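Coordinates from input-v4.cif are shown below (mmCIF, C-alpha atoms).
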data_input
loop_
_atom_site.label_atom_id
_atom_site.label_comp_id
_atom_site.auth_asym_id
_atom_site.auth_seq_id
_atom_site.Cartn_x
_atom_site.Cartn_y
_atom_site.Cartn_z
CA MET A 1 -0.10 -46.76 -10.18
CA LYS A 2 -1.71 -49.49 -8.17
CA ASN A 3 -3.30 -48.68 -4.84
CA ARG A 4 -3.70 -52.22 -3.62
CA THR A 5 -2.78 -52.88 -0.02
CA ILE A 6 -4.27 -56.30 0.65
CA ILE A 7 -3.09 -59.65 -0.62
CA LYS A 8 -5.20 -62.50 -1.94
CA ARG A 9 -6.22 -64.99 0.73
CA GLN A 10 -3.96 -67.61 -0.74
CA LYS A 11 -0.77 -65.82 0.19
CA LEU A 12 2.25 -66.15 -2.03
CA ASP A 13 5.87 -66.00 -1.01
CA ASN A 14 8.30 -63.80 -2.93
CA ALA A 15 9.00 -66.59 -5.41
CA GLY A 16 5.35 -67.10 -6.23
CA ALA A 17 4.80 -70.39 -4.36
CA THR A 18 1.81 -71.05 -2.13
CA SER A 19 2.34 -70.86 1.63
CA GLY A 20 2.62 -74.64 1.83
CA GLU A 21 5.37 -74.66 -0.76
CA ALA A 22 7.11 -71.77 1.01
CA ASN A 23 8.02 -74.11 3.86
CA ASP A 24 10.09 -76.14 1.43
CA PRO A 25 13.26 -74.20 0.51
CA LYS A 26 13.81 -76.48 -2.47
CA GLY A 27 10.37 -75.57 -3.70
CA GLN A 28 11.25 -71.91 -3.75
CA ASN A 29 14.22 -72.28 -6.05
CA ARG A 30 13.56 -75.50 -7.89
CA ASP A 31 14.63 -75.88 -11.50
CA ILE A 32 12.15 -76.68 -14.19
CA LYS A 33 12.45 -78.50 -17.48
CA ILE A 34 11.07 -77.03 -20.68
CA THR A 35 11.27 -78.01 -24.32
CA VAL A 36 12.06 -75.33 -26.87
CA LYS A 37 10.61 -76.07 -30.30
CA PHE A 38 12.66 -74.52 -33.09
CA LEU A 39 12.07 -75.46 -36.74
CA ALA A 40 12.15 -79.27 -36.72
CA ARG A 41 14.16 -79.51 -33.50
CA SER A 42 13.19 -80.05 -29.88
CA ILE A 43 15.71 -78.55 -27.45
CA PRO A 44 15.39 -79.72 -23.81
CA VAL A 45 16.47 -77.10 -21.27
CA THR A 46 16.69 -77.27 -17.48
CA LEU A 47 16.83 -73.92 -15.75
CA SER A 48 15.72 -71.85 -12.77
CA GLN A 49 12.22 -70.38 -12.66
CA ASP A 50 13.80 -67.07 -11.67
CA LEU A 51 15.79 -66.83 -14.90
CA MET A 52 14.99 -63.77 -17.01
CA ILE A 53 13.59 -64.44 -20.48
CA ARG A 54 16.42 -62.43 -22.02
CA ASP A 55 18.91 -64.75 -20.25
CA LEU A 56 17.09 -67.77 -21.66
CA LYS A 57 17.53 -66.27 -25.12
CA SER A 58 21.26 -65.90 -24.45
CA LEU A 59 21.43 -69.58 -23.50
CA LEU A 60 19.67 -70.50 -26.72
CA GLN A 61 21.96 -68.42 -28.93
CA PRO A 62 24.78 -71.01 -29.27
CA LEU A 63 22.20 -73.77 -29.72
CA THR A 64 20.28 -72.03 -32.48
CA ASP A 65 22.78 -69.57 -34.00
CA LEU A 66 20.14 -66.89 -33.43
CA HIS A 67 21.04 -63.61 -31.76
CA PRO A 68 18.70 -62.90 -28.81
CA ARG A 69 17.22 -59.98 -30.71
CA SER A 70 16.26 -62.37 -33.48
CA GLN A 71 14.38 -64.65 -31.08
CA LYS A 72 10.71 -64.57 -30.21
CA LEU A 73 9.58 -67.05 -27.56
CA ILE A 74 5.94 -68.05 -27.27
CA CYS A 75 4.29 -70.12 -24.55
CA LYS A 76 0.56 -70.84 -24.37
CA GLY A 77 -0.06 -68.35 -27.15
CA ARG A 78 1.70 -65.49 -25.34
CA VAL A 79 4.94 -63.79 -26.31
CA LEU A 80 7.43 -63.97 -23.43
CA LEU A 81 8.86 -60.57 -22.50
CA ASP A 82 12.60 -60.15 -22.02
CA THR A 83 12.21 -58.23 -18.75
CA MET A 84 10.20 -60.94 -16.98
CA THR A 85 11.25 -64.19 -15.32
CA LEU A 86 9.96 -67.62 -16.28
CA ARG A 87 8.00 -67.67 -13.04
CA ALA A 88 6.39 -64.30 -13.66
CA SER A 89 5.64 -65.39 -17.24
CA GLU A 90 3.83 -68.44 -15.81
CA VAL A 91 5.96 -70.94 -17.71
CA PRO A 92 5.33 -74.25 -15.87
CA ASN A 93 7.52 -77.31 -15.52
CA GLY A 94 7.31 -79.42 -18.66
CA ALA A 95 6.14 -76.52 -20.82
CA LYS A 96 6.70 -76.41 -24.54
CA VAL A 97 8.04 -73.06 -25.74
CA LEU A 98 7.98 -72.12 -29.40
CA LEU A 99 10.98 -70.25 -30.77
CA ILE A 100 10.48 -68.33 -34.00
CA ILE A 101 12.64 -65.88 -35.86
CA ALA A 102 11.51 -62.33 -35.13
CA SER A 103 11.95 -60.41 -38.35
CA GLN A 104 11.91 -57.08 -36.56
CA GLY A 105 14.64 -58.32 -34.26
CA LEU A 106 17.04 -59.45 -37.01
CA MET A 107 20.44 -57.83 -36.79
CA LYS A 108 20.40 -54.58 -38.69
CA PRO A 109 23.27 -52.29 -39.62
CA GLN A 110 24.06 -49.52 -37.19
CA VAL A 111 22.30 -46.25 -37.80
CA PRO A 112 24.98 -43.93 -39.25
CA VAL A 113 25.88 -40.79 -37.33
CA THR A 114 26.20 -37.69 -39.50
CA LYS A 115 27.54 -34.17 -39.06
CA THR A 116 23.99 -32.90 -39.39
CA MET A 117 23.01 -34.97 -36.38
CA LEU A 118 25.95 -33.57 -34.43
CA GLU A 119 24.90 -30.01 -35.24
CA HIS A 120 21.37 -30.78 -34.09
CA TRP A 121 22.65 -32.34 -30.85
CA LYS A 122 24.72 -29.27 -30.06
CA ALA A 123 21.84 -26.93 -30.79
CA SER A 124 19.21 -28.86 -28.81
CA GLY A 125 21.40 -30.35 -26.09
CA VAL A 126 19.67 -33.72 -26.60
CA VAL A 127 21.60 -36.69 -28.03
CA ALA A 128 19.04 -39.37 -28.95
CA LEU A 129 20.39 -42.67 -30.27
CA SER A 130 17.95 -45.31 -29.07
CA GLU A 131 17.45 -48.51 -31.06
CA GLY A 132 20.40 -47.78 -33.33
CA ASN A 133 21.95 -51.26 -33.03
CA TYR A 134 25.10 -49.79 -31.49
CA GLU A 135 27.59 -51.97 -29.63
CA THR A 136 29.75 -48.97 -28.77
CA ILE A 137 28.79 -45.36 -28.20
CA PRO A 138 29.49 -43.45 -31.46
CA GLY A 139 32.62 -41.33 -31.10
CA MET A 140 30.87 -38.26 -32.46
CA VAL A 141 28.80 -38.12 -29.27
CA TRP A 142 31.82 -36.96 -27.29
CA ALA A 143 32.25 -34.03 -29.68
CA CYS A 144 29.14 -32.48 -28.15
CA GLY A 145 31.13 -31.70 -25.03
CA PRO A 146 29.35 -29.43 -22.54
CA SER A 147 26.53 -28.77 -25.04
CA ALA A 148 24.91 -32.12 -24.23
CA ARG A 149 22.33 -32.07 -21.45
CA VAL A 150 20.51 -35.34 -22.23
CA LEU A 151 22.00 -38.59 -23.58
CA VAL A 152 19.56 -41.32 -24.60
CA LEU A 153 21.07 -44.67 -25.66
CA MET A 154 18.28 -47.09 -24.79
CA ASN A 155 17.62 -50.44 -26.50
CA ASN A 156 20.99 -50.95 -28.11
CA ASN A 157 23.67 -53.54 -27.42
CA ILE A 158 26.23 -51.21 -25.88
CA ARG A 159 28.90 -53.07 -23.97
CA GLU A 160 31.03 -50.21 -22.65
CA VAL A 161 30.65 -46.72 -21.23
CA PRO A 162 34.15 -45.26 -21.64
CA ALA A 163 35.99 -42.50 -19.79
CA GLN A 164 35.04 -40.04 -22.55
CA LEU A 165 31.66 -39.77 -20.84
CA GLY A 166 33.35 -37.19 -18.64
CA PHE A 167 33.60 -34.87 -21.66
CA LEU A 168 29.84 -34.29 -21.35
CA SER A 169 30.35 -32.17 -18.25
CA SER A 170 26.90 -30.52 -18.36
CA LEU A 171 24.97 -33.78 -18.70
CA GLN A 172 21.77 -33.82 -16.62
CA LYS A 173 20.02 -37.00 -17.81
CA LEU A 174 21.62 -40.30 -18.87
CA PHE A 175 19.50 -43.18 -20.19
CA LEU A 176 21.29 -46.49 -20.81
CA ASN A 177 18.35 -48.87 -20.40
CA ALA A 178 18.32 -52.24 -22.13
CA ASN A 179 21.93 -52.64 -23.16
CA ALA A 180 24.65 -55.20 -22.35
CA LEU A 181 26.43 -53.40 -19.52
CA PHE A 182 28.28 -55.22 -16.73
CA ASP A 183 29.89 -53.75 -13.62
CA GLU A 184 33.35 -53.53 -15.13
CA SER A 185 32.18 -52.14 -18.47
CA ILE A 186 31.17 -48.76 -17.03
CA SER A 187 33.73 -46.03 -16.30
CA TRP A 188 32.22 -45.13 -12.94
CA GLU A 189 34.95 -42.56 -12.38
CA ALA A 190 33.76 -40.65 -15.43
CA LEU A 191 30.11 -41.11 -14.50
CA VAL A 192 30.44 -39.78 -10.96
CA SER A 193 32.34 -36.76 -12.31
CA LEU A 194 29.07 -35.51 -13.84
CA LYS A 195 28.17 -33.08 -11.07
CA ASN A 196 24.98 -31.86 -12.80
CA LEU A 197 23.52 -35.33 -13.33
CA LYS A 198 19.91 -35.52 -12.12
CA VAL A 199 18.58 -38.68 -13.78
CA LEU A 200 20.51 -41.94 -14.15
CA SER A 201 18.72 -44.88 -15.73
CA LEU A 202 20.47 -48.25 -16.06
CA ASP A 203 17.44 -50.55 -16.14
CA GLN A 204 17.70 -53.91 -17.91
CA ASN A 205 21.42 -54.50 -17.86
CA TYR A 206 23.66 -57.02 -16.05
CA LEU A 207 24.86 -55.05 -13.02
CA THR A 208 25.57 -56.93 -9.79
CA THR A 209 26.83 -54.02 -7.68
CA LEU A 210 26.76 -50.23 -7.55
CA PRO A 211 29.98 -48.45 -6.53
CA SER A 212 30.23 -46.52 -3.29
CA ALA A 213 31.36 -43.52 -5.35
CA LEU A 214 27.79 -43.17 -6.58
CA GLY A 215 27.10 -41.44 -3.29
CA THR A 216 29.18 -38.48 -4.47
CA VAL A 217 26.67 -37.66 -7.24
CA THR A 218 24.61 -35.62 -4.80
CA SER A 219 22.75 -33.88 -7.63
CA LEU A 220 20.81 -37.09 -8.45
CA ARG A 221 17.02 -36.80 -8.37
CA GLU A 222 16.21 -40.17 -9.96
CA LEU A 223 18.08 -43.48 -9.89
CA HIS A 224 16.68 -46.38 -11.94
CA VAL A 225 18.47 -49.75 -11.80
CA ALA A 226 15.56 -52.18 -12.16
CA ASN A 227 15.91 -55.56 -13.86
CA ASN A 228 19.57 -56.10 -13.12
CA ARG A 229 21.32 -58.62 -10.84
CA LEU A 230 21.99 -56.39 -7.84
CA THR A 231 22.37 -58.15 -4.50
CA SER A 232 22.78 -55.02 -2.37
CA LEU A 233 22.85 -51.23 -2.33
CA PRO A 234 25.91 -49.28 -1.18
CA ILE A 235 25.58 -47.59 2.21
CA GLU A 236 26.71 -44.38 0.52
CA ILE A 237 23.27 -44.17 -1.09
CA GLY A 238 22.29 -42.32 2.07
CA LEU A 239 24.34 -39.36 0.83
CA LEU A 240 21.87 -38.78 -2.02
CA THR A 241 19.72 -36.37 -0.04
CA GLN A 242 18.11 -34.87 -3.15
CA LEU A 243 17.02 -38.26 -4.55
CA GLN A 244 13.27 -38.30 -5.21
CA VAL A 245 12.76 -41.55 -7.17
CA LEU A 246 14.51 -44.85 -6.47
CA GLY A 247 13.71 -47.84 -8.69
CA VAL A 248 15.53 -51.08 -7.81
CA ASN A 249 12.76 -53.59 -8.52
CA ASN A 250 13.43 -56.99 -10.08
CA ASN A 251 16.85 -57.58 -8.57
CA ARG A 252 18.23 -59.97 -5.92
CA ILE A 253 18.50 -57.59 -2.98
CA SER A 254 17.97 -59.14 0.46
CA ILE A 255 18.79 -56.16 2.71
CA ILE A 256 18.09 -52.44 2.37
CA PRO A 257 20.68 -50.38 4.29
CA ALA A 258 19.32 -48.29 7.14
CA CYS A 259 20.94 -45.19 5.68
CA VAL A 260 18.22 -45.08 3.01
CA GLY A 261 16.32 -43.15 5.67
CA ASP A 262 18.78 -40.28 5.10
CA CYS A 263 17.43 -39.86 1.55
CA ASN A 264 14.79 -37.57 3.00
CA SER A 265 13.63 -36.21 -0.38
CA LEU A 266 12.37 -39.59 -1.60
CA ILE A 267 8.85 -39.46 -3.03
CA GLU A 268 8.66 -42.81 -4.83
CA VAL A 269 10.44 -46.08 -4.02
CA ASN A 270 10.08 -49.36 -5.92
CA LEU A 271 11.59 -52.42 -4.22
CA SER A 272 9.27 -55.00 -5.79
CA SER A 273 10.45 -58.46 -6.78
CA ASN A 274 13.54 -58.76 -4.62
CA LEU A 275 14.44 -61.07 -1.73
CA LEU A 276 13.54 -58.76 1.15
CA SER A 277 12.34 -60.13 4.48
CA GLU A 278 12.20 -56.75 6.24
CA LEU A 279 12.56 -53.01 5.74
CA PRO A 280 14.67 -50.81 8.01
CA GLU A 281 12.88 -48.76 10.67
CA THR A 282 14.46 -45.67 9.13
CA PHE A 283 11.80 -45.73 6.40
CA GLY A 284 9.77 -43.70 8.87
CA ASN A 285 12.18 -40.80 8.23
CA LEU A 286 10.95 -40.45 4.63
CA ARG A 287 8.41 -37.72 5.37
CA ASP A 288 7.82 -36.91 1.67
CA LEU A 289 7.24 -40.52 0.60
CA LYS A 290 4.06 -40.88 -1.46
CA VAL A 291 4.49 -44.19 -3.30
CA LEU A 292 6.02 -47.43 -2.02
CA HIS A 293 6.09 -50.65 -4.07
CA ILE A 294 7.29 -53.71 -2.14
CA SER A 295 5.32 -56.52 -3.79
CA ASN A 296 6.77 -59.97 -4.46
CA ASN A 297 9.03 -60.07 -1.42
CA GLY A 298 9.14 -62.20 1.72
CA LEU A 299 7.98 -59.37 3.97
CA LYS A 300 5.93 -60.22 7.04
CA SER A 301 5.72 -56.76 8.58
CA LEU A 302 6.45 -53.07 7.99
CA PRO A 303 8.51 -50.42 9.79
CA SER A 304 6.56 -49.50 12.93
CA THR A 305 6.42 -45.76 12.17
CA LEU A 306 5.70 -45.97 8.44
CA PHE A 307 2.06 -44.82 8.63
CA LYS A 308 2.61 -42.54 11.62
CA MET A 309 5.51 -40.55 10.15
CA CYS A 310 5.06 -40.82 6.36
CA LEU A 311 2.01 -38.59 6.19
CA GLN A 312 2.20 -38.16 2.38
CA LEU A 313 2.05 -41.90 1.68
CA SER A 314 -1.03 -42.78 -0.38
CA THR A 315 0.08 -45.71 -2.55
CA LEU A 316 1.35 -48.93 -1.00
CA ASP A 317 1.71 -52.08 -3.11
CA LEU A 318 1.97 -55.24 -0.96
CA ASP A 319 0.96 -57.89 -3.49
CA ASN A 320 2.41 -61.32 -2.83
CA THR A 321 3.79 -60.65 0.63
CA GLU A 322 2.86 -62.16 3.99
CA ILE A 323 1.42 -58.91 5.34
CA THR A 324 -2.27 -59.19 6.25
CA MET A 325 -5.06 -56.70 6.78
CA ASP A 326 -5.25 -57.64 10.46
CA LEU A 327 -1.59 -56.70 10.85
CA LEU A 328 -2.00 -53.41 8.99
CA ARG A 329 -4.84 -52.32 11.26
CA GLN A 330 -2.53 -52.61 14.25
CA PHE A 331 -0.15 -49.93 12.99
CA GLU A 332 -0.45 -46.42 14.39
CA GLY A 333 -1.52 -44.10 11.60
CA TRP A 334 -3.19 -46.82 9.51
CA GLU A 335 -6.60 -45.11 9.53
CA SER A 336 -5.18 -41.85 8.17
CA PHE A 337 -3.26 -43.69 5.48
CA ASP A 338 -6.32 -45.70 4.47
CA GLU A 339 -8.31 -42.51 4.14
CA ARG A 340 -5.65 -40.94 1.89
CA ARG A 341 -5.48 -44.12 -0.18
CA ARG A 342 -9.25 -44.21 -0.68
CA LEU A 343 -9.36 -40.50 -1.54
CA LYS A 344 -6.66 -40.92 -4.18
CA HIS A 345 -8.41 -43.93 -5.65
CA SER A 346 -11.69 -41.99 -5.77
CA LYS A 347 -10.04 -39.06 -7.56
CA GLN A 348 -8.46 -41.37 -10.11
CA LEU A 349 -11.81 -43.05 -10.71
CA ASP A 350 -13.54 -39.68 -11.13
CA PHE A 351 -10.87 -38.63 -13.61
CA ARG A 352 -11.33 -41.81 -15.66
CA ILE A 353 -15.11 -41.34 -15.70
CA LEU A 354 -14.75 -37.69 -16.74
CA SER A 355 -12.27 -38.57 -19.47
CA SER A 356 -14.57 -41.31 -20.74
CA ALA A 357 -17.54 -38.91 -20.78
CA LYS A 358 -15.57 -36.41 -22.85
CA VAL A 359 -14.71 -39.10 -25.36
CA ASP A 360 -18.37 -40.15 -25.55
CA GLU A 361 -19.41 -36.54 -26.15
CA GLY A 362 -16.90 -36.24 -28.91
CA ASP A 363 -18.15 -39.42 -30.55
CA GLU A 364 -21.77 -38.23 -30.27
CA GLY A 365 -20.89 -34.89 -31.82
CA ALA A 366 -19.11 -36.63 -34.65
CA ASP A 367 -22.16 -38.82 -35.27
CA LYS A 368 -24.42 -35.75 -35.44
CA ASN A 369 -22.12 -34.05 -37.89
#

When written as C-alpha cells, how does the structure in this file appear?
Amino acid sequence: MKNRTIIKRQKLDNAGATSGEANDPKGQNRDIKITVKFLARSIPVTLSQDLMIRDLKSLLQPLTDLHPRSQKLICKGRVLLDTMTLRASEVPNGAKVLLIIASQGLMKPQVPVTKTMLEHWKASGVVALSEGNYETIPGMVWACGPSARVLVLMNNNIREVPAQLGFLSSLQKLFLNANALFDESISWEALVSLKNLKVLSLDQNYLTTLPSALGTVTSLRELHVANNRLTSLPIEIGLLTQLQVLGVNNNRISIIPACVGDCNSLIEVNLSSNLLSELPETFGNLRDLKVLHISNNGLKSLPSTLFKMCLQLSTLDLDNTEITMDLLRQFEGWESFDERRRLKHSKQLDFRILSSAKVDEGDEGADKN
C-alpha cells in the first residue's frame, strides 16, 4: 500500500483538473468528444470524462453489435481498463480510440455444472464459479444448502441474486465482483438473512444505494462496494461494529455519515475517488484504524483528532486533494503519525532489499551449479 501523504505542488481537484480549472464548475464536469475507430468506421462520441470504460463499451454495443466483453479499447497504445474512468485513463478531448475485437472476450458457452462439482462443493464448502459466462446463478448451487461456506461468482454477467440465496444459511464469504447487478436485482432480504456472513464483495457492479437492512448483518468483517454508482452510505452502517475493512472507492459519494465512527473495529478504509469535501469528526473514534485512503477527493482538511486519537494509523493516502504539508503539521499528533509512517516505509524497504538479496543469492548459486 502507498504511504504517500503529500500532494504534488500543482494540486489537483477530485476530478483531476488543475487548481485554476477547479474554479470553473463547468471545467470539472465538462464533456469531451472522442472518435472510436472500428474496422473502416469512425464513430464520434460525446461523453463525460467521469464515465467508466465499461460504460463506454455498453454505449458502443448497439453501434457495433459487439458485446462489451468482445471489445478492447486502445488509446495512445494503452489498453483501457473497464474499472477506470476516461479521466483516470488520460483520454483527452479529441482523442482517437481504437476498438478491436478481443478474441478472449468473445461470448463463450456457459461452463456446465455437473454432479461431480456439486459433490466437491459440499465436501469443501467452497463454490467457485468465476468466469463461467453465467447470466444467472446455476440452480445446482442452492442444493449445497448449509454446506456452502464460500460462494465465488466473480467476472460473470449475473443479473440477479434470487431469494434462494437464503438457502446457503452457513455462508461466510460472498464474492459477486464484476457482474451486472443493479439495486433491484439483489434479494437483499435473503442476503441480510445470512447471519454468519463475514465478507461481502460487490465491487464493479451498478449499485446506486445500499439498503438500511445491511446494518443487521452485524457479523460482517469486510464490505467491498468499490466501482459502483453509490451516492451515499446508509446511516445503519454504524451498526456494523465488527467491520474491519470498508472499501467504497470509485463511487459518487459526497457525504460520509457521522455514525461511521461507531464502526470501532475498522482497520482499513478506502474512500478514494469520490466527491467528498470533508470527513466527519467521528473518524477520531476509530482507534484501530491503520490504513486510510482518501485520494482524488475535494478534501481541504481532516478531522481534528485523527492523528491524536488514531494511534495505529500508519498509512494515509492524500493524493490529489487540497491538503498541504503546512496544514498537516498543525494537527496534534502529526509528529507521532509521521514517525510511524516513516518506520513502516523503512521496514517495507528493508523487506524488499532482503527479498531481492535472496533472489540474487539463488541466481548466483544456480550459476555456480

In the coordinate frame of the file, compute which residues have an atom within 12 Å of (12.0, -71.5, -16.1) when using all atoms listed in the file, and state them as a PDB file with C-alpha atoms, keeping the file's coordinate frame.
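And here is the file that came out, selection13.pdb:
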ATOM      1  CA  ASN A  29      14.220 -72.280  -6.050  1.00  0.00           C
ATOM      2  CA  ARG A  30      13.560 -75.500  -7.890  1.00  0.00           C
ATOM      3  CA  ASP A  31      14.630 -75.880 -11.500  1.00  0.00           C
ATOM      4  CA  ILE A  32      12.150 -76.680 -14.190  1.00  0.00           C
ATOM      5  CA  LYS A  33      12.450 -78.500 -17.480  1.00  0.00           C
ATOM      6  CA  ILE A  34      11.070 -77.030 -20.680  1.00  0.00           C
ATOM      7  CA  THR A  35      11.270 -78.010 -24.320  1.00  0.00           C
ATOM      8  CA  VAL A  36      12.060 -75.330 -26.870  1.00  0.00           C
ATOM      9  CA  PRO A  44      15.390 -79.720 -23.810  1.00  0.00           C
ATOM     10  CA  VAL A  45      16.470 -77.100 -21.270  1.00  0.00           C
ATOM     11  CA  THR A  46      16.690 -77.270 -17.480  1.00  0.00           C
ATOM     12  CA  LEU A  47      16.830 -73.920 -15.750  1.00  0.00           C
ATOM     13  CA  SER A  48      15.720 -71.850 -12.770  1.00  0.00           C
ATOM     14  CA  GLN A  49      12.220 -70.380 -12.660  1.00  0.00           C
ATOM     15  CA  ASP A  50      13.800 -67.070 -11.670  1.00  0.00           C
ATOM     16  CA  LEU A  51      15.790 -66.830 -14.900  1.00  0.00           C
ATOM     17  CA  MET A  52      14.990 -63.770 -17.010  1.00  0.00           C
ATOM     18  CA  ILE A  53      13.590 -64.440 -20.480  1.00  0.00           C
ATOM     19  CA  ARG A  54      16.420 -62.430 -22.020  1.00  0.00           C
ATOM     20  CA  ASP A  55      18.910 -64.750 -20.250  1.00  0.00           C
ATOM     21  CA  LEU A  56      17.090 -67.770 -21.660  1.00  0.00           C
ATOM     22  CA  LYS A  57      17.530 -66.270 -25.120  1.00  0.00           C
ATOM     23  CA  CYS A  75       4.290 -70.120 -24.550  1.00  0.00           C
ATOM     24  CA  LEU A  80       7.430 -63.970 -23.430  1.00  0.00           C
ATOM     25  CA  MET A  84      10.200 -60.940 -16.980  1.00  0.00           C
ATOM     26  CA  THR A  85      11.250 -64.190 -15.320  1.00  0.00           C
ATOM     27  CA  LEU A  86       9.960 -67.620 -16.280  1.00  0.00           C
ATOM     28  CA  ARG A  87       8.000 -67.670 -13.040  1.00  0.00           C
ATOM     29  CA  ALA A  88       6.390 -64.300 -13.660  1.00  0.00           C
ATOM     30  CA  SER A  89       5.640 -65.390 -17.240  1.00  0.00           C
ATOM     31  CA  GLU A  90       3.830 -68.440 -15.810  1.00  0.00           C
ATOM     32  CA  VAL A  91       5.960 -70.940 -17.710  1.00  0.00           C
ATOM     33  CA  PRO A  92       5.330 -74.250 -15.870  1.00  0.00           C
ATOM     34  CA  ASN A  93       7.520 -77.310 -15.520  1.00  0.00           C
ATOM     35  CA  GLY A  94       7.310 -79.420 -18.660  1.00  0.00           C
ATOM     36  CA  ALA A  95       6.140 -76.520 -20.820  1.00  0.00           C
ATOM     37  CA  LYS A  96       6.700 -76.410 -24.540  1.00  0.00           C
ATOM     38  CA  VAL A  97       8.040 -73.060 -25.740  1.00  0.00           C
TER      39      VAL A  97
END

Evaluate the PyMOL selection byres ((chain A and resi 274-284) around 10) against this structure - the residues, as a PyMOL selection string, please.
chain A and resi 13-15+229-231+248-264+271-273+285-287+289+294-311+321-322

Please save C-alpha atoms of the selected residues as a compact mmCIF listing (two decimals), in the frame of the given file.
# COMPACT_ATOMS: atom_id res chain seq x y z
CA ASP A 13 5.87 -66.00 -1.01
CA ASN A 14 8.30 -63.80 -2.93
CA ALA A 15 9.00 -66.59 -5.41
CA ARG A 229 21.32 -58.62 -10.84
CA LEU A 230 21.99 -56.39 -7.84
CA THR A 231 22.37 -58.15 -4.50
CA VAL A 248 15.53 -51.08 -7.81
CA ASN A 249 12.76 -53.59 -8.52
CA ASN A 250 13.43 -56.99 -10.08
CA ASN A 251 16.85 -57.58 -8.57
CA ARG A 252 18.23 -59.97 -5.92
CA ILE A 253 18.50 -57.59 -2.98
CA SER A 254 17.97 -59.14 0.46
CA ILE A 255 18.79 -56.16 2.71
CA ILE A 256 18.09 -52.44 2.37
CA PRO A 257 20.68 -50.38 4.29
CA ALA A 258 19.32 -48.29 7.14
CA CYS A 259 20.94 -45.19 5.68
CA VAL A 260 18.22 -45.08 3.01
CA GLY A 261 16.32 -43.15 5.67
CA ASP A 262 18.78 -40.28 5.10
CA CYS A 263 17.43 -39.86 1.55
CA ASN A 264 14.79 -37.57 3.00
CA LEU A 271 11.59 -52.42 -4.22
CA SER A 272 9.27 -55.00 -5.79
CA SER A 273 10.45 -58.46 -6.78
CA ASN A 285 12.18 -40.80 8.23
CA LEU A 286 10.95 -40.45 4.63
CA ARG A 287 8.41 -37.72 5.37
CA LEU A 289 7.24 -40.52 0.60
CA ILE A 294 7.29 -53.71 -2.14
CA SER A 295 5.32 -56.52 -3.79
CA ASN A 296 6.77 -59.97 -4.46
CA ASN A 297 9.03 -60.07 -1.42
CA GLY A 298 9.14 -62.20 1.72
CA LEU A 299 7.98 -59.37 3.97
CA LYS A 300 5.93 -60.22 7.04
CA SER A 301 5.72 -56.76 8.58
CA LEU A 302 6.45 -53.07 7.99
CA PRO A 303 8.51 -50.42 9.79
CA SER A 304 6.56 -49.50 12.93
CA THR A 305 6.42 -45.76 12.17
CA LEU A 306 5.70 -45.97 8.44
CA PHE A 307 2.06 -44.82 8.63
CA LYS A 308 2.61 -42.54 11.62
CA MET A 309 5.51 -40.55 10.15
CA CYS A 310 5.06 -40.82 6.36
CA LEU A 311 2.01 -38.59 6.19
CA THR A 321 3.79 -60.65 0.63
CA GLU A 322 2.86 -62.16 3.99

Would you please work out which residue, of A:Ser336, A:Ile43, A:Arg78, A:Leu313, is nearest to Leu59 (chain A) when using all atoms listed in the file?
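Comparing A:Ser336, A:Ile43, A:Arg78, A:Leu313 against Leu59 (chain A), the winner is A:Ile43.
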
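Here the residues that fall within 7 Å of (32.6, -30.9, -14.1), using all atoms listed in the file, are given as Ser169, Ser193, Leu194 and Lys195 of chain A.
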
Using C-alpha atoms, can you write the selected residues to a file as a PDB file, keeping the file's coordinate frame?
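Written output follows (part-v4.pdb):
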ATOM      1  CA  SER A 169      30.350 -32.170 -18.250  1.00  0.00           C
ATOM      2  CA  SER A 193      32.340 -36.760 -12.310  1.00  0.00           C
ATOM      3  CA  LEU A 194      29.070 -35.510 -13.840  1.00  0.00           C
ATOM      4  CA  LYS A 195      28.170 -33.080 -11.070  1.00  0.00           C
TER       5      LYS A 195
END

If the PyMOL selection byres ((chain A and resi 181) around 12) is run on the structure shown, which residues does it catch, given as an MDAnalysis selection string?
chainID A and resid 135:136 153:162 176:180 182:187 202:209 225 228:229

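Here CA of His120 (chain A) stands at a distance of 13.9 Å from CA of Trp142 (chain A).
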